[in-house]
>>> print(open('my_file-v6.cif').read())   # mmCIF, C-alpha atoms and all ligand atoms
data_entry
#
loop_
_atom_site.label_atom_id
_atom_site.label_comp_id
_atom_site.auth_asym_id
_atom_site.auth_seq_id
_atom_site.Cartn_x
_atom_site.Cartn_y
_atom_site.Cartn_z
CA MET A 1 130.42 -17.79 47.68
CA TYR A 2 131.08 -14.89 45.29
CA ASP A 3 133.92 -13.48 47.39
CA ALA A 4 135.58 -16.88 47.54
CA PHE A 5 135.09 -17.28 43.78
CA ILE A 6 136.75 -13.94 43.12
CA ALA A 7 139.58 -14.71 45.55
CA GLN A 8 140.20 -17.98 43.72
CA LEU A 9 140.26 -16.23 40.33
CA ARG A 10 142.71 -13.63 41.66
CA GLU A 11 144.96 -16.25 43.20
CA GLN A 12 145.02 -18.17 39.92
CA ALA A 13 145.85 -15.04 37.91
CA GLY A 14 148.34 -13.89 40.55
CA THR A 15 147.22 -10.27 40.42
CA LYS A 16 145.13 -7.70 42.25
CA GLU A 17 144.84 -5.66 39.06
CA ARG A 18 142.21 -5.88 36.34
CA ILE A 19 141.90 -9.33 34.78
CA ALA A 20 140.95 -9.45 31.10
CA LEU A 21 138.81 -12.07 29.40
CA HIS A 22 141.48 -12.49 26.79
CA GLN A 23 144.52 -10.40 26.06
CA PRO A 24 146.64 -10.57 22.94
CA VAL A 25 150.38 -10.93 23.58
CA PHE A 26 153.24 -10.29 21.16
CA PRO A 27 156.22 -12.18 22.53
CA GLY A 28 157.92 -13.13 19.27
CA ASN A 29 158.93 -11.62 15.94
CA GLU A 30 155.89 -9.35 15.59
CA LYS A 31 157.74 -6.03 15.70
CA GLN A 32 160.62 -7.25 13.58
CA TYR A 33 158.37 -8.52 10.77
CA LEU A 34 156.18 -5.44 11.00
CA ASN A 35 159.18 -3.13 10.66
CA ASP A 36 160.42 -5.19 7.78
CA ALA A 37 157.04 -4.92 6.03
CA ILE A 38 157.02 -1.14 6.49
CA ASP A 39 160.64 -0.78 5.33
CA SER A 40 159.84 -2.80 2.22
CA THR A 41 156.97 -0.35 1.37
CA PHE A 42 154.82 -3.39 0.60
CA VAL A 43 152.18 -2.62 3.19
CA SER A 44 149.00 -3.40 1.30
CA SER A 45 147.45 -6.54 -0.07
CA VAL A 46 150.40 -7.65 -2.15
CA GLY A 47 153.57 -8.61 -0.34
CA PRO A 48 155.79 -11.43 0.78
CA TYR A 49 154.26 -11.71 4.27
CA VAL A 50 150.83 -12.53 2.87
CA ASP A 51 152.38 -15.41 0.92
CA LYS A 52 154.50 -16.49 3.89
CA PHE A 53 151.58 -16.36 6.31
CA GLU A 54 149.41 -18.42 3.96
CA ALA A 55 152.17 -20.97 3.40
CA ALA A 56 152.86 -21.25 7.14
CA MET A 57 149.15 -21.71 7.89
CA SER A 58 148.99 -24.42 5.28
CA VAL A 59 151.86 -26.21 7.05
CA VAL A 60 150.41 -25.77 10.55
CA THR A 61 146.88 -26.92 9.67
CA ARG A 62 147.89 -29.26 6.84
CA ALA A 63 145.18 -27.62 4.72
CA PRO A 64 146.21 -27.94 1.05
CA TYR A 65 145.30 -24.27 0.44
CA ALA A 66 145.07 -21.24 2.72
CA ILE A 67 143.89 -17.84 1.49
CA ALA A 68 144.24 -14.82 3.79
CA THR A 69 141.38 -12.32 4.00
CA SER A 70 140.70 -8.95 5.63
CA THR A 71 138.41 -10.46 8.30
CA GLY A 72 136.97 -13.78 9.37
CA THR A 73 133.55 -12.55 8.30
CA ALA A 74 134.89 -11.90 4.78
CA ALA A 75 136.40 -15.40 4.76
CA LEU A 76 133.01 -16.90 5.66
CA HIS A 77 131.27 -14.81 3.01
CA VAL A 78 133.53 -15.95 0.14
CA ALA A 79 133.66 -19.56 1.35
CA LEU A 80 129.86 -19.68 1.30
CA LYS A 81 129.73 -18.08 -2.15
CA THR A 82 132.31 -20.57 -3.37
CA VAL A 83 130.27 -23.62 -2.31
CA GLY A 84 127.34 -22.08 -4.19
CA VAL A 85 125.23 -20.33 -1.56
CA GLY A 86 123.02 -17.90 -3.44
CA SER A 87 120.00 -15.70 -3.21
CA GLY A 88 116.93 -17.32 -1.69
CA ASP A 89 118.81 -20.32 -0.27
CA LEU A 90 118.81 -21.70 3.26
CA VAL A 91 122.00 -22.40 5.20
CA ILE A 92 121.89 -24.56 8.31
CA THR A 93 123.79 -23.31 11.32
CA GLN A 94 123.61 -23.20 15.10
CA PRO A 95 121.88 -20.52 17.21
CA LEU A 96 124.81 -20.26 19.62
CA THR A 97 127.43 -18.41 17.61
CA PHE A 98 128.88 -14.99 16.94
CA VAL A 99 126.59 -12.95 14.69
CA ALA A 100 129.18 -12.96 11.87
CA THR A 101 128.20 -16.54 10.96
CA CYS A 102 124.64 -15.46 10.19
CA ASN A 103 125.64 -12.15 8.65
CA ALA A 104 127.88 -13.93 6.12
CA ILE A 105 124.91 -16.14 5.19
CA HIS A 106 122.77 -13.03 4.80
CA TYR A 107 125.40 -11.30 2.60
CA CYS A 108 124.92 -14.18 0.12
CA GLY A 109 121.20 -13.42 -0.04
CA ALA A 110 120.46 -16.59 1.91
CA GLU A 111 118.89 -17.14 5.31
CA PRO A 112 120.05 -19.21 8.25
CA ALA A 113 117.98 -22.16 9.49
CA PHE A 114 118.86 -22.92 13.10
CA VAL A 115 119.40 -26.43 14.41
CA ASP A 116 120.05 -27.19 18.08
CA ILE A 117 123.42 -27.67 19.74
CA ASP A 118 125.01 -30.56 21.59
CA PRO A 119 125.12 -29.79 25.33
CA GLN A 120 128.60 -31.32 25.66
CA ASN A 121 130.55 -29.49 22.97
CA LEU A 122 128.17 -26.54 22.36
CA GLY A 123 128.43 -27.12 18.58
CA LEU A 124 125.81 -28.21 16.05
CA ASP A 125 124.20 -31.47 17.22
CA PRO A 126 124.30 -34.21 14.53
CA HIS A 127 121.21 -35.91 15.97
CA ALA A 128 119.24 -32.68 15.79
CA LEU A 129 120.55 -32.09 12.27
CA GLU A 130 119.49 -35.55 11.12
CA ARG A 131 116.05 -35.20 12.72
CA TRP A 132 115.48 -31.82 11.09
CA LEU A 133 116.57 -32.98 7.63
CA ASP A 134 114.52 -36.19 7.86
CA GLU A 135 111.43 -34.20 8.67
CA TYR A 136 111.80 -31.09 6.54
CA ALA A 137 114.15 -31.78 3.63
CA TYR A 138 114.26 -33.77 0.39
CA ILE A 139 116.74 -34.29 -2.44
CA ASP A 140 115.53 -33.18 -5.88
CA ASP A 141 116.27 -34.62 -9.37
CA GLN A 142 119.41 -32.49 -9.67
CA GLU A 143 120.71 -33.85 -6.36
CA ASN A 144 120.08 -30.58 -4.55
CA CYS A 145 118.85 -30.69 -1.00
CA ARG A 146 115.68 -28.66 -0.60
CA HIS A 147 113.35 -27.58 2.16
CA LYS A 148 109.99 -29.31 1.65
CA ALA A 149 107.63 -26.50 2.61
CA THR A 150 109.35 -23.70 0.68
CA ASN A 151 111.37 -25.59 -1.96
CA LYS A 152 114.33 -23.44 -1.02
CA LYS A 153 117.73 -24.94 -1.69
CA ILE A 154 119.68 -25.88 1.43
CA SER A 155 123.04 -24.93 0.01
CA ALA A 156 125.40 -25.25 2.99
CA CYS A 157 125.75 -26.30 6.59
CA VAL A 158 127.98 -24.24 8.89
CA PRO A 159 128.82 -25.81 12.24
CA MET A 160 130.87 -23.62 14.57
CA HIS A 161 133.53 -24.90 16.97
CA SER A 162 132.32 -22.98 20.00
CA PHE A 163 135.01 -21.33 22.11
CA GLY A 164 137.55 -23.61 20.41
CA LEU A 165 135.83 -26.90 21.39
CA PRO A 166 135.58 -29.16 18.33
CA ALA A 167 132.01 -29.96 17.26
CA ALA A 168 131.09 -33.58 16.38
CA ILE A 169 132.64 -33.15 12.97
CA LEU A 170 132.60 -36.75 11.63
CA PRO A 171 128.88 -37.42 12.17
CA LEU A 172 128.07 -33.94 10.84
CA LEU A 173 130.13 -34.61 7.70
CA LYS A 174 128.44 -37.95 7.16
CA ILE A 175 124.95 -36.48 7.40
CA CYS A 176 125.82 -33.57 5.12
CA GLU A 177 127.27 -35.97 2.56
CA GLN A 178 124.10 -38.10 2.62
CA TRP A 179 122.03 -34.99 2.07
CA ARG A 180 124.35 -33.46 -0.58
CA ILE A 181 125.00 -30.40 1.55
CA PRO A 182 128.47 -28.78 1.42
CA LEU A 183 129.90 -28.32 4.90
CA VAL A 184 131.82 -25.15 5.74
CA GLU A 185 133.42 -25.09 9.19
CA ASP A 186 133.31 -21.84 11.09
CA ALA A 187 136.63 -22.50 12.84
CA ALA A 188 137.10 -18.81 13.67
CA GLU A 189 137.67 -19.68 17.32
CA ALA A 190 139.39 -23.01 16.82
CA LEU A 191 142.86 -22.47 15.34
CA GLY A 192 145.06 -24.96 17.20
CA SER A 193 142.16 -27.30 18.01
CA GLU A 194 142.26 -30.81 16.61
CA PHE A 195 140.20 -33.96 16.28
CA ARG A 196 142.39 -37.09 16.23
CA GLY A 197 145.37 -34.95 15.29
CA GLN A 198 143.67 -33.20 12.38
CA ALA A 199 143.15 -29.43 12.50
CA MET A 200 139.62 -28.09 12.78
CA GLY A 201 138.75 -26.24 9.61
CA THR A 202 140.19 -29.00 7.40
CA PHE A 203 137.35 -31.53 7.66
CA GLY A 204 134.68 -29.73 5.67
CA ARG A 205 134.85 -28.69 2.04
CA MET A 206 136.23 -25.43 3.42
CA GLY A 207 137.03 -23.95 6.81
CA VAL A 208 137.30 -20.41 8.04
CA LEU A 209 139.61 -18.81 10.63
CA SER A 210 139.61 -15.37 12.28
CA PHE A 211 142.53 -13.31 13.54
CA ASN A 212 140.58 -10.54 15.20
CA GLY A 213 142.21 -9.03 18.27
CA ASN A 214 140.38 -11.35 20.66
CA LYS A 215 141.21 -14.63 18.89
CA ILE A 216 144.00 -17.08 19.78
CA ILE A 217 146.34 -15.40 17.31
CA THR A 218 145.75 -11.95 15.90
CA THR A 219 146.70 -9.89 12.87
CA GLY A 220 144.85 -6.86 14.26
CA GLY A 221 142.00 -7.92 12.03
CA GLY A 222 142.00 -10.72 9.51
CA GLY A 223 140.83 -14.14 8.48
CA MET A 224 141.70 -17.14 6.37
CA VAL A 225 139.90 -19.64 4.18
CA LEU A 226 141.23 -23.19 4.31
CA ALA A 227 140.42 -25.05 1.10
CA GLN A 228 140.90 -28.64 -0.08
CA THR A 229 140.88 -28.28 -3.87
CA PRO A 230 142.74 -26.00 -6.31
CA GLU A 231 139.39 -25.01 -7.84
CA ASP A 232 137.93 -23.80 -4.54
CA ALA A 233 141.16 -22.02 -3.64
CA ALA A 234 141.28 -20.23 -6.99
CA ARG A 235 137.65 -19.22 -6.68
CA VAL A 236 138.22 -17.80 -3.17
CA LYS A 237 141.29 -15.89 -4.32
CA HIS A 238 139.38 -14.51 -7.31
CA LEU A 239 136.44 -13.33 -5.23
CA THR A 240 138.68 -11.70 -2.60
CA THR A 241 140.74 -9.78 -5.18
CA THR A 242 137.87 -7.90 -6.84
CA ALA A 243 137.54 -10.69 -9.41
CA LYS A 244 140.58 -9.38 -11.24
CA ARG A 245 141.74 -11.48 -14.15
CA LEU A 246 145.41 -12.33 -13.89
CA ASP A 247 145.88 -13.90 -17.30
CA ASP A 248 146.68 -10.77 -19.31
CA PHE A 249 147.73 -7.14 -19.05
CA ALA A 250 144.20 -5.81 -19.26
CA MET A 251 142.97 -4.39 -15.97
CA PHE A 252 139.87 -6.51 -16.31
CA HIS A 253 137.36 -7.75 -13.71
CA ASP A 254 134.99 -10.46 -14.86
CA GLU A 255 132.31 -10.28 -12.14
CA VAL A 256 131.42 -8.39 -8.96
CA GLY A 257 134.18 -9.33 -6.55
CA PHE A 258 135.27 -8.08 -3.15
CA ASN A 259 138.23 -6.22 -1.74
CA TYR A 260 138.82 -8.83 0.94
CA ARG A 261 142.57 -9.42 0.76
CA MET A 262 144.68 -9.22 3.90
CA PRO A 263 147.25 -6.37 3.89
CA ASN A 264 150.94 -7.31 4.13
CA ILE A 265 151.44 -5.50 7.45
CA ASN A 266 148.68 -7.57 9.04
CA ALA A 267 150.17 -10.75 7.59
CA ALA A 268 153.58 -9.80 9.05
CA VAL A 269 152.06 -9.77 12.54
CA GLY A 270 150.12 -12.94 11.72
CA LEU A 271 153.21 -14.87 10.71
CA ALA A 272 154.96 -13.98 13.98
CA GLN A 273 151.84 -14.88 15.96
CA LEU A 274 151.50 -18.20 14.18
CA GLU A 275 155.06 -19.06 15.24
CA GLN A 276 153.76 -18.75 18.82
CA LEU A 277 150.61 -20.83 18.34
CA ASN A 278 151.88 -23.92 20.15
CA ASN A 279 153.01 -21.75 23.03
CA PHE A 280 149.63 -19.97 23.22
CA VAL A 281 147.67 -23.24 23.09
CA ALA A 282 149.88 -24.80 25.79
CA ARG A 283 149.24 -21.81 28.07
CA LYS A 284 145.48 -21.91 27.46
CA ARG A 285 145.43 -25.65 28.16
CA ALA A 286 147.40 -25.27 31.38
CA LEU A 287 144.95 -22.61 32.53
CA ALA A 288 141.99 -24.82 31.58
CA LYS A 289 143.42 -27.57 33.77
CA GLN A 290 143.52 -25.22 36.75
CA TYR A 291 139.92 -24.11 36.26
CA GLN A 292 138.82 -27.70 35.87
CA GLN A 293 140.13 -28.45 39.35
CA TRP A 294 138.34 -25.76 41.31
CA LEU A 295 135.23 -24.76 39.36
CA PRO A 296 133.17 -27.75 40.67
CA GLU A 297 133.71 -26.50 44.25
CA PHE A 298 131.49 -23.58 43.30
CA GLY A 299 128.89 -25.74 41.61
CA LEU A 300 130.10 -24.73 38.16
CA GLN A 301 130.53 -27.27 35.39
CA PHE A 302 133.73 -26.81 33.41
CA VAL A 303 133.06 -27.35 29.70
CA ASP A 304 135.76 -29.85 28.80
CA GLU A 305 137.16 -30.89 25.43
CA PRO A 306 135.24 -33.74 23.76
CA ALA A 307 136.78 -37.24 23.50
CA ASP A 308 139.54 -37.65 20.89
CA THR A 309 140.01 -33.91 20.60
CA HIS A 310 142.74 -31.50 21.58
CA ALA A 311 141.09 -28.12 22.17
CA ASN A 312 142.80 -24.74 22.15
CA PHE A 313 140.57 -23.64 25.09
CA TRP A 314 140.44 -20.18 23.51
CA LEU A 315 137.75 -19.05 25.95
CA ILE A 316 137.19 -21.00 29.15
CA THR A 317 133.49 -21.74 29.50
CA ALA A 318 131.48 -22.95 32.47
CA VAL A 319 127.84 -23.90 32.95
CA CYS A 320 126.23 -22.33 36.01
CA GLN A 321 123.47 -23.99 38.02
CA SER A 322 120.97 -21.28 37.15
CA LYS A 323 120.63 -18.04 35.26
CA GLN A 324 120.45 -16.33 38.63
CA GLN A 325 123.84 -17.71 39.66
CA ARG A 326 125.29 -16.77 36.28
CA ASP A 327 124.01 -13.20 36.56
CA MET A 328 125.37 -12.85 40.10
CA LEU A 329 128.77 -14.15 38.99
CA LEU A 330 128.85 -11.70 36.09
CA THR A 331 127.90 -8.77 38.30
CA GLN A 332 130.27 -9.58 41.12
CA THR A 333 133.32 -10.38 38.98
CA GLN A 334 132.84 -7.33 36.80
CA ALA A 335 132.42 -5.09 39.85
CA SER A 336 135.80 -6.22 41.10
CA GLY A 337 137.62 -5.66 37.80
CA ILE A 338 137.49 -9.19 36.47
CA GLU A 339 136.24 -9.44 32.92
CA THR A 340 133.67 -12.20 32.42
CA ARG A 341 131.06 -12.57 29.74
CA PRO A 342 127.75 -14.31 29.09
CA ALA A 343 127.39 -16.31 25.88
CA TRP A 344 126.04 -14.46 22.85
CA ALA A 345 122.33 -13.81 22.65
CA LEU A 346 120.96 -16.70 20.60
CA MET A 347 120.76 -15.82 16.91
CA HIS A 348 117.05 -16.58 16.51
CA ARG A 349 116.36 -13.90 19.12
CA LEU A 350 118.08 -11.11 17.18
CA PRO A 351 115.64 -8.86 15.31
CA MET A 352 117.08 -9.63 11.87
CA TYR A 353 117.02 -13.41 12.36
CA GLN A 354 113.98 -13.97 14.55
CA HIS A 355 111.78 -14.93 11.59
CA CYS A 356 114.19 -17.69 10.51
CA LEU A 357 113.37 -21.39 10.62
CA HIS A 358 114.48 -23.35 13.67
CA ASP A 359 113.89 -26.72 15.29
CA GLY A 360 112.73 -25.53 18.71
CA LEU A 361 116.30 -25.19 20.01
CA THR A 362 115.53 -26.74 23.39
CA VAL A 363 119.12 -27.35 24.44
CA ALA A 364 120.47 -24.01 23.30
CA THR A 365 117.64 -22.16 25.04
CA GLN A 366 118.15 -23.97 28.34
CA LEU A 367 121.91 -23.80 28.26
CA ALA A 368 122.79 -20.40 26.82
CA GLU A 369 121.49 -18.41 29.77
CA ARG A 370 123.69 -20.41 32.15
CA LEU A 371 126.95 -20.12 30.19
CA ILE A 372 129.75 -17.90 31.39
CA ASN A 373 133.14 -17.17 29.81
CA LEU A 374 135.92 -16.75 32.38
CA PRO A 375 139.27 -14.95 32.09
CA SER A 376 141.30 -17.01 29.67
C1 LIG A 401 135.43 -14.07 15.43
C2 LIG A 401 134.42 -14.87 14.74
C3 LIG A 401 134.13 -14.73 13.36
C4 LIG A 401 134.80 -13.76 12.45
O1 LIG A 401 135.05 -12.55 12.99
P1 LIG A 401 135.92 -11.38 12.36
O2 LIG A 401 135.91 -10.38 13.47
O3 LIG A 401 135.20 -10.93 11.14
O4 LIG A 401 137.29 -11.86 12.05
C5 LIG A 401 133.19 -15.58 12.80
N1 LIG A 401 132.57 -16.51 13.52
C6 LIG A 401 132.83 -16.70 14.83
C7 LIG A 401 132.14 -17.79 15.55
C8 LIG A 401 133.74 -15.87 15.49
O5 LIG A 401 133.96 -16.07 16.80
#
>>> encode(input="my_file-v6.cif", output="structure tokens", more="lines below")
Ligand SMILES: *Cc1c(COP(=O)(O)O)cnc(C)c1O
Amino acid sequence: MYDAFIAQLREQAGTKERIALHQPVFPGNEKQYLNDAIDSTFVSSVGPYVDKFEAAMSVVTRAPYAIATSTGTAALHVALKTVGVGSGDLVITQPLTFVATCNAIHYCGAEPAFVDIDPQNLGLDPHALERWLDEYAYIDDQENCRHKATNKKISACVPMHSFGLPAAILPLLKICEQWRIPLVEDAAEALGSEFRGQAMGTFGRMGVLSFNGNKIITTGGGGMVLAQTPEDAARVKHLTTTAKRLDDFAMFHDEVGFNYRMPNINAAVGLAQLEQLNNFVARKRALAKQYQQWLPEFGLQFVDEPADTHANFWLITAVCQSKQQRDMLLTQTQASGIETRPAWALMHRLPMYQHCLHDGLTVATQLAERLINLPS
């Protein structure tokens, strides 16, 4: 079976060479804009490409405000701070995610509380969220949601759109609204993904994107906060620019801020990449269609886009029949120069997060060890 699987992968990719999991490509204006940025001498965090990239992202996602940052992790950190996540708080998220989600929570002095995922879309499960809140949370006199046993404030909920597949965003929003919990979307993997024509990252109070080298578009390294209100956008901008006051000539900083702005040379690459987004998404979707046709022949379940969504299929994901099969597939493909990857180790199993609250995580535990990411 494994030889046939590898043969099929090679036929699809049309190469006998190494096949990467994901490879950035620069088919457009990347070099031209980059040269222009260098020639202009505006290479750092002030420059026309930062403004252009933000404006273009705002058009593409229809987010009212877009603020570029040095990484996606930085974007998450300031978005969480902006919605009020502080020391001693709890932030609900999913156990199946990249560690940056939890690290950003930790940078705020808060701790993640893990709620199970939906087996279909691999994102936070609204039913599990509702069950957990019903059992363990209450709303206090100031309309803050709190954890019953510890009285800790539950100051945000961060669903993640896994591998670009939109999570069940409307039910999640409804529950968070009922419980007075701000929702921040970790849409780091989901630029170009939509639910009923609306971009992921624009449903919650804020959304976060990443442009790391392995994401659907890249700036080398970078991120973006998508915001809905001028107040949130101003707060994000303030925090990412070392809390520098812009209203006078005094070089004055009014709180501890961060140096999280995206440099102009990264934004130059980002703008050119964003011009290619539709092209990249179309190619990923065409590839997904091919996988969908033949994966079942090998007993693998292709993880498809949920109803009413248009996914970017950033990383093609399949569910194997067993952990054994998954491990064999990983070993065999990697031995023949085909890059495949297991899903991340679940967050509640990492040493720094293993003491955190969770709801049992039955689905995530059963599913994670059977997930495989295929060359995308
Ligand atoms: C990539 C990613 C991030 C942010 O990563 P950076 O490398 O800091 O840009 C955050 N969350 C998820 C789920 C990611 O995949």
>>> residues_near_ligand(input="my_file-v6.cif", ligand="ligand LIG 401 (chain A)", cutoff="7 Å", atoms="all atoms listed in the file", output="list of chain:residue names")
A:Thr71, A:Gly72, A:Thr73, A:Ala74, A:Thr97, A:Phe98, A:Ala100, A:Thr101, A:Met160, A:Ser162, A:Asp186, A:Ala188, A:Glu189, A:Ser210, A:Phe211, A:Asn212, A:Lys215, A:Gly221, A:Gly222, A:Gly223
>>> write_last_selection(input="my_file-v6.cif", atoms="C-alpha atoms", output="PDB file, in the coordinates of the input")
ATOM      1  CA  THR A  71     138.410 -10.460   8.300  1.00  0.00           C
ATOM      2  CA  GLY A  72     136.970 -13.780   9.370  1.00  0.00           C
ATOM      3  CA  THR A  73     133.550 -12.550   8.300  1.00  0.00           C
ATOM      4  CA  ALA A  74     134.890 -11.900   4.780  1.00  0.00           C
ATOM      5  CA  THR A  97     127.430 -18.410  17.610  1.00  0.00           C
ATOM      6  CA  PHE A  98     128.880 -14.990  16.940  1.00  0.00           C
ATOM      7  CA  ALA A 100     129.180 -12.960  11.870  1.00  0.00           C
ATOM      8  CA  THR A 101     128.200 -16.540  10.960  1.00  0.00           C
ATOM      9  CA  MET A 160     130.870 -23.620  14.570  1.00  0.00           C
ATOM     10  CA  SER A 162     132.320 -22.980  20.000  1.00  0.00           C
ATOM     11  CA  ASP A 186     133.310 -21.840  11.090  1.00  0.00           C
ATOM     12  CA  ALA A 188     137.100 -18.810  13.670  1.00  0.00           C
ATOM     13  CA  GLU A 189     137.670 -19.680  17.320  1.00  0.00           C
ATOM     14  CA  SER A 210     139.610 -15.370  12.280  1.00  0.00           C
ATOM     15  CA  PHE A 211     142.530 -13.310  13.540  1.00  0.00           C
ATOM     16  CA  ASN A 212     140.580 -10.540  15.200  1.00  0.00           C
ATOM     17  CA  LYS A 215     141.210 -14.630  18.890  1.00  0.00           C
ATOM     18  CA  GLY A 221     142.000  -7.920  12.030  1.00  0.00           C
ATOM     19  CA  GLY A 222     142.000 -10.720   9.510  1.00  0.00           C
ATOM     20  CA  GLY A 223     140.830 -14.140   8.480  1.00  0.00           C
TER      21      GLY A 223
END
>>> atom_distance(input="my_file-v6.cif", atom1="CA of Thr69 (chain A)", atom2="CA of Leu315 (chain A)")
23.2 Å
>>> closest_residue(input="my_file-v6.cif", among="A:Ser155, A:Thr150, A:Thr241, A:Gln366", to="Ile92 (chain A)", atoms="only C-alpha atoms")
A:Ser155
>>> closest_residue(input="my_file-v6.cif", among="A:Ala113, A:Met1, A:Val184, A:Leu9", to="His147 (chain A)", atoms="only C-alpha atoms")
A:Ala113
>>> residues_around(input="my_file-v6.cif", residues="Lys284 (chain A)", least_positions_apart="6", cutoff="7 Å", atoms="all atoms listed in the file", output="MDAnalysis selection string")
chainID A and resid 312:314 376
>>> write_last_selection(input="my_file-v6.cif", atoms="C-alpha atoms", output="CSV table (one decimal), in the frame of the given file")
chain,number,residue,atom,x,y,z
A,312,ASN,CA,142.8,-24.7,22.2
A,313,PHE,CA,140.6,-23.6,25.1
A,314,TRP,CA,140.4,-20.2,23.5
A,376,SER,CA,141.3,-17.0,29.7
>>> atom_distance(input="my_file-v6.cif", atom1="CA of Thr61 (chain A)", atom2="CA of Leu21 (chain A)")
26.0 Å
>>> residues_around(input="my_file-v6.cif", residues="Asn121 (chain A)", least_positions_apart="5", cutoff="7 Å", atoms="only C-alpha atoms", output="PyMOL selection string")
chain A and resi 165-167+306
>>> closest_atom_pairs(input="my_file-v6.cif", of="region 113-156 of chain A", to="region 318-321 of chain A", cutoff="12 Å", atoms="all atoms listed in the file", output="tab-separated table")
residue	atom	partner	partner_atom	distance
A:Pro119	CA	A:Val319	CA	10.0
A:Gln120	CA	A:Val319	CA	10.4
A:Asn121	CA	A:Ala318	CA	11.6
A:Leu122	CA	A:Val319	CA	10.9
>>> residues_around(input="my_file-v6.cif", residues="Ala7 (chain A)", least_positions_apart="4", cutoff="12 Å", atoms="all atoms listed in the file", output="list in words")
Met1, Tyr2, Asp3, Glu11, Gln12, Ala13, Gly14, Thr15, Lys16, Trp294, Gln332, Thr333, Ser336 and Ile338 of chain A
>>> residues_around(input="my_file-v6.cif", residues="Gly213 (chain A)", least_positions_apart="3", cutoff="10 Å", atoms="all atoms listed in the file", output="list of chain:residue names")
A:His22, A:Gln23, A:Pro24, A:Val25, A:Ser210, A:Ile216, A:Ile217, A:Thr218, A:Thr219, A:Gly220, A:Gly221, A:Gly222
>>> atom_distance(input="my_file-v6.cif", atom1="CA of Lys52 (chain A)", atom2="CA of Ala268 (chain A)")
8.5 Å
>>> residues_around(input="my_file-v6.cif", residues="Ala104 (chain A)", least_positions_apart="5", cutoff="9 Å", atoms="only C-alpha atoms", output="PyMOL selection string")
chain A and resi 73-78+80+99+110
>>> axis_aligned_box(input="my_file-v6.cif", around="region 317-327 of chain A", padding_each_side="4 Å", output="lines of an AutoDock Vina configuration file")
center_x = 127.0
center_y = -18.6
center_z = 34.6
size_x = 21.0
size_y = 18.8
size_z = 18.2
>>> closest_residue(input="my_file-v6.cif", among="A:Pro126, A:Gly207, A:Ala190, A:Ala250", to="Lys174 (chain A)", atoms="all atoms listed in the file")
A:Pro126
>>> closest_residue(input="my_file-v6.cif", among="A:Ala227, A:Val50, A:Ala267, A:Leu90", to="Leu34 (chain A)", atoms="all atoms listed in the file")
A:Ala267
>>> closest_residue(input="my_file-v6.cif", among="A:Ala243, A:Ala37, A:Ala233, A:Leu367", to="Asp118 (chain A)", atoms="only C-alpha atoms")
A:Leu367
>>> closest_residue(input="my_file-v6.cif", among="A:Ile6, A:Ala345, A:Val83, A:Ile372", to="Glu231 (chain A)", atoms="only C-alpha atoms")
A:Val83
>>> build_atoms(input="my_file-v6.cif", residues="region 193-200 of chain A", atoms="N, CA, C and O atoms", output="compact mmCIF listing (two decimals), in the coordinates of the input")
# COMPACT_ATOMS: atom_id res chain seq x y z
N SER A 193 142.97 -26.18 17.51
CA SER A 193 142.16 -27.30 18.01
C SER A 193 142.18 -28.43 16.98
O SER A 193 142.20 -28.18 15.78
N GLU A 194 142.16 -29.65 17.50
CA GLU A 194 142.26 -30.81 16.61
C GLU A 194 141.30 -31.92 17.02
O GLU A 194 140.95 -32.05 18.19
N PHE A 195 140.90 -32.71 16.02
CA PHE A 195 140.20 -33.96 16.28
C PHE A 195 141.07 -35.08 15.74
O PHE A 195 141.42 -35.08 14.55
N ARG A 196 141.46 -36.02 16.60
CA ARG A 196 142.39 -37.09 16.23
C ARG A 196 143.58 -36.57 15.43
O ARG A 196 143.94 -37.11 14.39
N GLY A 197 144.15 -35.48 15.90
CA GLY A 197 145.37 -34.95 15.29
C GLY A 197 145.17 -34.13 14.03
O GLY A 197 146.14 -33.63 13.47
N GLN A 198 143.93 -33.99 13.60
CA GLN A 198 143.67 -33.20 12.38
C GLN A 198 143.05 -31.85 12.76
O GLN A 198 142.14 -31.78 13.59
N ALA A 199 143.57 -30.79 12.14
CA ALA A 199 143.15 -29.43 12.50
C ALA A 199 141.69 -29.17 12.16
O ALA A 199 141.22 -29.55 11.08
N MET A 200 140.98 -28.52 13.07
CA MET A 200 139.62 -28.09 12.78
C MET A 200 139.71 -27.06 11.65
O MET A 200 140.64 -26.26 11.58
